[in-house]
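Enquirer: I have a structure I would like to understand better, so I am pasting it below and will then ask my questions one at a time.
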Amino acid sequence: MTTINARQEPGRRVLLIGASRGLGLALAREWARDGRQVTATVRGSDRTPLHDLADTTDGRIEIETVDITEPEQIAALHGRLADRTFDLLFVNAGVTNQPEGTVAETSTDEFTRVMVTNALGPLRVVEAFHHRIDPAGTIAVMSSGQGSVTNNVNGGHEVYRGSKAALNTFMRSYAARHSGEARTLVLMAPGWVRTELGGPDARLDIDDSIPNVVRTLDALRGEPGLHYVDYLGRTVPW
């Protein structure tokens, strides 16, 4: 695992996409606890646990709204943040589906929902906001170990796996188009975590994963290029 250089100051201004619950909410809490300024998004206008958290953080969490499956909402968010720059963009928004069944047994609507949310939407956000990220900052997206083609030896979760593998490939293409830039690009595999998305049988608690995710991102700051890593900073095979 890469170690943090003491001379590197971790990014203080964070744009976190998808923070209403689960891992996104835990990331917002961890960064706010560390004194960072977090602009975090939810979908829609309903009150969420993120709102409750923001009420306790003395203004360190600012809440915005965006649905990353709607290009016009991404554009509207970009417009509202047009005068802002960030040290770190982290796109956490994502969905899962029923793990049973093959790709061929999945309805077109369900396939489209998962792929648009997990692969297309995040790249639209990255493309919209990359010029608002410090040239030496970090752009990260929440991937999964299930996106690894090499490690897919048991099958299962086919559509979800496919969506994360597609996300990884799209970020690799983005990295190729932006080679030579100083930004750090990260595909983060947080481990199998007990959340609404991960389910009750998951191996890790949120507190096992998220503090390590934050430490890993800090450790990678200043390391240009694309890194596919897990929450402990270990490289995940493509």
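Going through the structure tokens in order, the chains are called A, B, and so on, while each chain numbers its residues from 1 and the ligands are numbered from 1 in the order shown.
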Report the residues of segment 85-235 of chain A whose backbone DSSP state falls under strand (DSSP E), written as a ChimeraX atom specification.
Expert: /A:86-91,133-142,184-189,225-230
Enquirer: Using DSSP on the backbone coordinates, identify all residues within segment 36-226 of chain A classified as helix (DSSP H, G or I); present the result as a PyMOL selection string.
Expert: chain A and resi 49-54+71-80+103-105+108-132+145-147+158-177+206-220
Enquirer: Using only C-alpha atoms, find each residue of segment 130-186 of chain A with at least one atom at most 12 Å away from an atom of segment 205-213 of chain A; report its shortest atom-to-atom pair and that distance in Å (one decimal), sort the rows by chain and rising residue number, and return the result as a Markdown table.
Expert:
```
| residue | atom | partner | partner_atom | distance |
| --- | --- | --- | --- | --- |
| A:Ala140 | CA | A:Val213 | CA | 10.9 |
| A:Val141 | CA | A:Val213 | CA | 11.6 |
| A:Met142 | CA | A:Val213 | CA | 10.2 |
| A:Ser143 | CA | A:Val213 | CA | 11.9 |
| A:Val186 | CA | A:Val213 | CA | 10.9 |
```
Enquirer: Give me the residues near Glu30 of chain A as number ranges by chain, where near means some atom within 12 Å (using only C-alpha atoms) and where sequence neighbours in that chain fewer than 4 positions away do not count.
Expert: A: 14, 16, 19, 23-26, 34-38, 53, 57, 60-61, 206-207, 209-215
Enquirer: Export, as a PDB file, in the first residue's frame, the selected residues with N, CA and C atoms.
Expert:
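Saved as selection_33.pdb:
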```pdb
ATOM      1  N   VAL A  14     -14.106  18.725  -0.864  1.00  0.00           N
ATOM      2  CA  VAL A  14     -14.567  17.460  -1.440  1.00  0.00           C
ATOM      3  C   VAL A  14     -15.935  17.654  -2.089  1.00  0.00           C
ATOM      4  N   LEU A  16     -18.761  15.177  -3.235  1.00  0.00           N
ATOM      5  CA  LEU A  16     -19.156  13.777  -3.050  1.00  0.00           C
ATOM      6  C   LEU A  16     -20.526  13.569  -3.677  1.00  0.00           C
ATOM      7  N   ALA A  19     -24.666  10.604  -1.406  1.00  0.00           N
ATOM      8  CA  ALA A  19     -24.280  10.527   0.010  1.00  0.00           C
ATOM      9  C   ALA A  19     -25.469  10.441   0.947  1.00  0.00           C
ATOM     10  N   LEU A  23     -22.536   3.869   2.196  1.00  0.00           N
ATOM     11  CA  LEU A  23     -21.131   4.234   2.124  1.00  0.00           C
ATOM     12  C   LEU A  23     -20.937   5.721   1.868  1.00  0.00           C
ATOM     13  N   GLY A  24     -21.803   6.318   1.062  1.00  0.00           N
ATOM     14  CA  GLY A  24     -21.681   7.753   0.790  1.00  0.00           C
ATOM     15  C   GLY A  24     -21.878   8.584   2.041  1.00  0.00           C
ATOM     16  N   LEU A  25     -22.878   8.222   2.822  1.00  0.00           N
ATOM     17  CA  LEU A  25     -23.119   8.918   4.082  1.00  0.00           C
ATOM     18  C   LEU A  25     -21.923   8.753   5.013  1.00  0.00           C
ATOM     19  N   ALA A  26     -21.371   7.557   5.081  1.00  0.00           N
ATOM     20  CA  ALA A  26     -20.212   7.313   5.936  1.00  0.00           C
ATOM     21  C   ALA A  26     -18.995   8.100   5.469  1.00  0.00           C
ATOM     22  N   ASP A  34     -12.977  14.961   9.917  1.00  0.00           N
ATOM     23  CA  ASP A  34     -11.578  15.322   9.707  1.00  0.00           C
ATOM     24  C   ASP A  34     -11.396  16.817   9.422  1.00  0.00           C
ATOM     25  N   GLY A  35     -12.504  17.557   9.413  1.00  0.00           N
ATOM     26  CA  GLY A  35     -12.430  18.993   9.209  1.00  0.00           C
ATOM     27  C   GLY A  35     -12.460  19.440   7.763  1.00  0.00           C
ATOM     28  N   ARG A  36     -12.778  18.532   6.851  1.00  0.00           N
ATOM     29  CA  ARG A  36     -12.822  18.914   5.439  1.00  0.00           C
ATOM     30  C   ARG A  36     -14.181  19.529   5.106  1.00  0.00           C
ATOM     31  N   GLN A  37     -14.194  20.308   4.041  1.00  0.00           N
ATOM     32  CA  GLN A  37     -15.425  20.935   3.577  1.00  0.00           C
ATOM     33  C   GLN A  37     -16.025  20.054   2.499  1.00  0.00           C
ATOM     34  N   VAL A  38     -17.218  19.534   2.739  1.00  0.00           N
ATOM     35  CA  VAL A  38     -17.822  18.522   1.869  1.00  0.00           C
ATOM     36  C   VAL A  38     -19.097  19.071   1.241  1.00  0.00           C
ATOM     37  N   LEU A  53     -27.056  14.443   9.487  1.00  0.00           N
ATOM     38  CA  LEU A  53     -25.622  14.564   9.730  1.00  0.00           C
ATOM     39  C   LEU A  53     -25.158  16.002   9.542  1.00  0.00           C
ATOM     40  N   THR A  57     -22.604  19.296  11.924  1.00  0.00           N
ATOM     41  CA  THR A  57     -21.204  19.457  11.482  1.00  0.00           C
ATOM     42  C   THR A  57     -20.771  20.903  11.322  1.00  0.00           C
ATOM     43  N   ARG A  60     -19.766  22.127   7.843  1.00  0.00           N
ATOM     44  CA  ARG A  60     -18.753  21.439   7.037  1.00  0.00           C
ATOM     45  C   ARG A  60     -19.364  20.591   5.927  1.00  0.00           C
ATOM     46  N   ILE A  61     -20.667  20.316   6.009  1.00  0.00           N
ATOM     47  CA  ILE A  61     -21.351  19.590   4.939  1.00  0.00           C
ATOM     48  C   ILE A  61     -22.410  20.491   4.319  1.00  0.00           C
ATOM     49  N   ILE A 206     -19.208  -0.939   8.092  1.00  0.00           N
ATOM     50  CA  ILE A 206     -18.835   0.343   7.496  1.00  0.00           C
ATOM     51  C   ILE A 206     -17.555   0.883   8.124  1.00  0.00           C
ATOM     52  N   ASP A 207     -17.409   0.721   9.432  1.00  0.00           N
ATOM     53  CA  ASP A 207     -16.226   1.249  10.117  1.00  0.00           C
ATOM     54  C   ASP A 207     -14.960   0.460   9.785  1.00  0.00           C
ATOM     55  N   SER A 209     -14.415  -0.415   6.604  1.00  0.00           N
ATOM     56  CA  SER A 209     -14.131  -0.014   5.234  1.00  0.00           C
ATOM     57  C   SER A 209     -13.809   1.467   5.082  1.00  0.00           C
ATOM     58  N   ILE A 210     -14.730   2.328   5.482  1.00  0.00           N
ATOM     59  CA  ILE A 210     -14.666   3.732   5.078  1.00  0.00           C
ATOM     60  C   ILE A 210     -13.453   4.489   5.610  1.00  0.00           C
ATOM     61  N   PRO A 211     -13.077   4.366   6.887  1.00  0.00           N
ATOM     62  CA  PRO A 211     -11.846   5.056   7.299  1.00  0.00           C
ATOM     63  C   PRO A 211     -10.637   4.640   6.469  1.00  0.00           C
ATOM     64  N   ASN A 212     -10.586   3.372   6.076  1.00  0.00           N
ATOM     65  CA  ASN A 212      -9.486   2.903   5.232  1.00  0.00           C
ATOM     66  C   ASN A 212      -9.604   3.430   3.809  1.00  0.00           C
ATOM     67  N   VAL A 213     -10.825   3.559   3.304  1.00  0.00           N
ATOM     68  CA  VAL A 213     -11.014   4.179   1.988  1.00  0.00           C
ATOM     69  C   VAL A 213     -10.435   5.586   1.985  1.00  0.00           C
ATOM     70  N   VAL A 214     -10.747   6.359   3.020  1.00  0.00           N
ATOM     71  CA  VAL A 214     -10.253   7.735   3.112  1.00  0.00           C
ATOM     72  C   VAL A 214      -8.739   7.756   3.205  1.00  0.00           C
ATOM     73  N   ARG A 215      -8.165   6.893   4.027  1.00  0.00           N
ATOM     74  CA  ARG A 215      -6.707   6.845   4.153  1.00  0.00           C
ATOM     75  C   ARG A 215      -6.048   6.457   2.835  1.00  0.00           C
TER      76      ARG A 215
END
```
Enquirer: Restricting the calculation to only C-alpha atoms: of A:Gly94, A:Leu50, A:Gly22, A:Leu226, which residue gets closest to Val193 of chain A?
Expert: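 Ranked by minimum distance to Val193 of chain A, first place goes to A:Gly22.
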Enquirer: Set the distance at 12 Å and use only C-alpha atoms: which residues neighbour Ile74 of chain A once local chain neighbours fewer than 3 positions away are removed? I'd like the list as a PyMOL selection string.
Expert: chain A and resi 17+41+43+64-71+77-82+121-129
Enquirer: Closest to Leu187 of chain A among A:Tyr160, A:Thr117, A:Asp134, A:Val91, using only C-alpha atoms?
Expert: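 Closest residue, counting only C-alpha atoms: A:Val91.
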Enquirer: A:Leu15, A:Asp52, A:Asp46, A:Leu27: which is nearest Arg84 of chain A, counting only C-alpha atoms?
Expert: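 Selected residue with least distance to Arg84 of chain A: A:Leu15.
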Enquirer: Using atom CA of Ala189 of chain A and atom CA of Ala93 of chain A as the two end points, give the distance in Å to one decimal.
Expert: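 Going from atom CA of Ala189 of chain A over to atom CA of Ala93 of chain A, I get 13.5 Å.
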Enquirer: List as an MDAnalysis selection string the protein and nucleic acid residues near Ala166 of chain A, meaning an atom at most 8 Å away when only C-alpha atoms are counted, but skip any in the same chain fewer than 3 places from it.
Expert: chainID A and resid 119 147 162:163 169:170
Enquirer: For C-alpha atoms, I'd like the residues from the last selection saved as a PDB file, in the first residue's frame.
Expert:
```pdb
ATOM      1  CA  ALA A 119     -21.352   3.168 -15.591  1.00  0.00           C
ATOM      2  CA  GLY A 147     -15.765  -5.385 -11.527  1.00  0.00           C
ATOM      3  CA  GLY A 162     -20.902  -6.117 -15.832  1.00  0.00           C
ATOM      4  CA  SER A 163     -21.803  -2.563 -14.863  1.00  0.00           C
ATOM      5  CA  THR A 169     -13.148   0.285 -18.715  1.00  0.00           C
ATOM      6  CA  PHE A 170     -14.687   3.724 -19.220  1.00  0.00           C
TER       7      PHE A 170
END
```
Enquirer: Which residue, A:Leu185, A:Gly44, A:Val159, A:Leu217, has the smallest gap to Ser173 of chain A when you use only C-alpha atoms?
Expert: A:Leu185
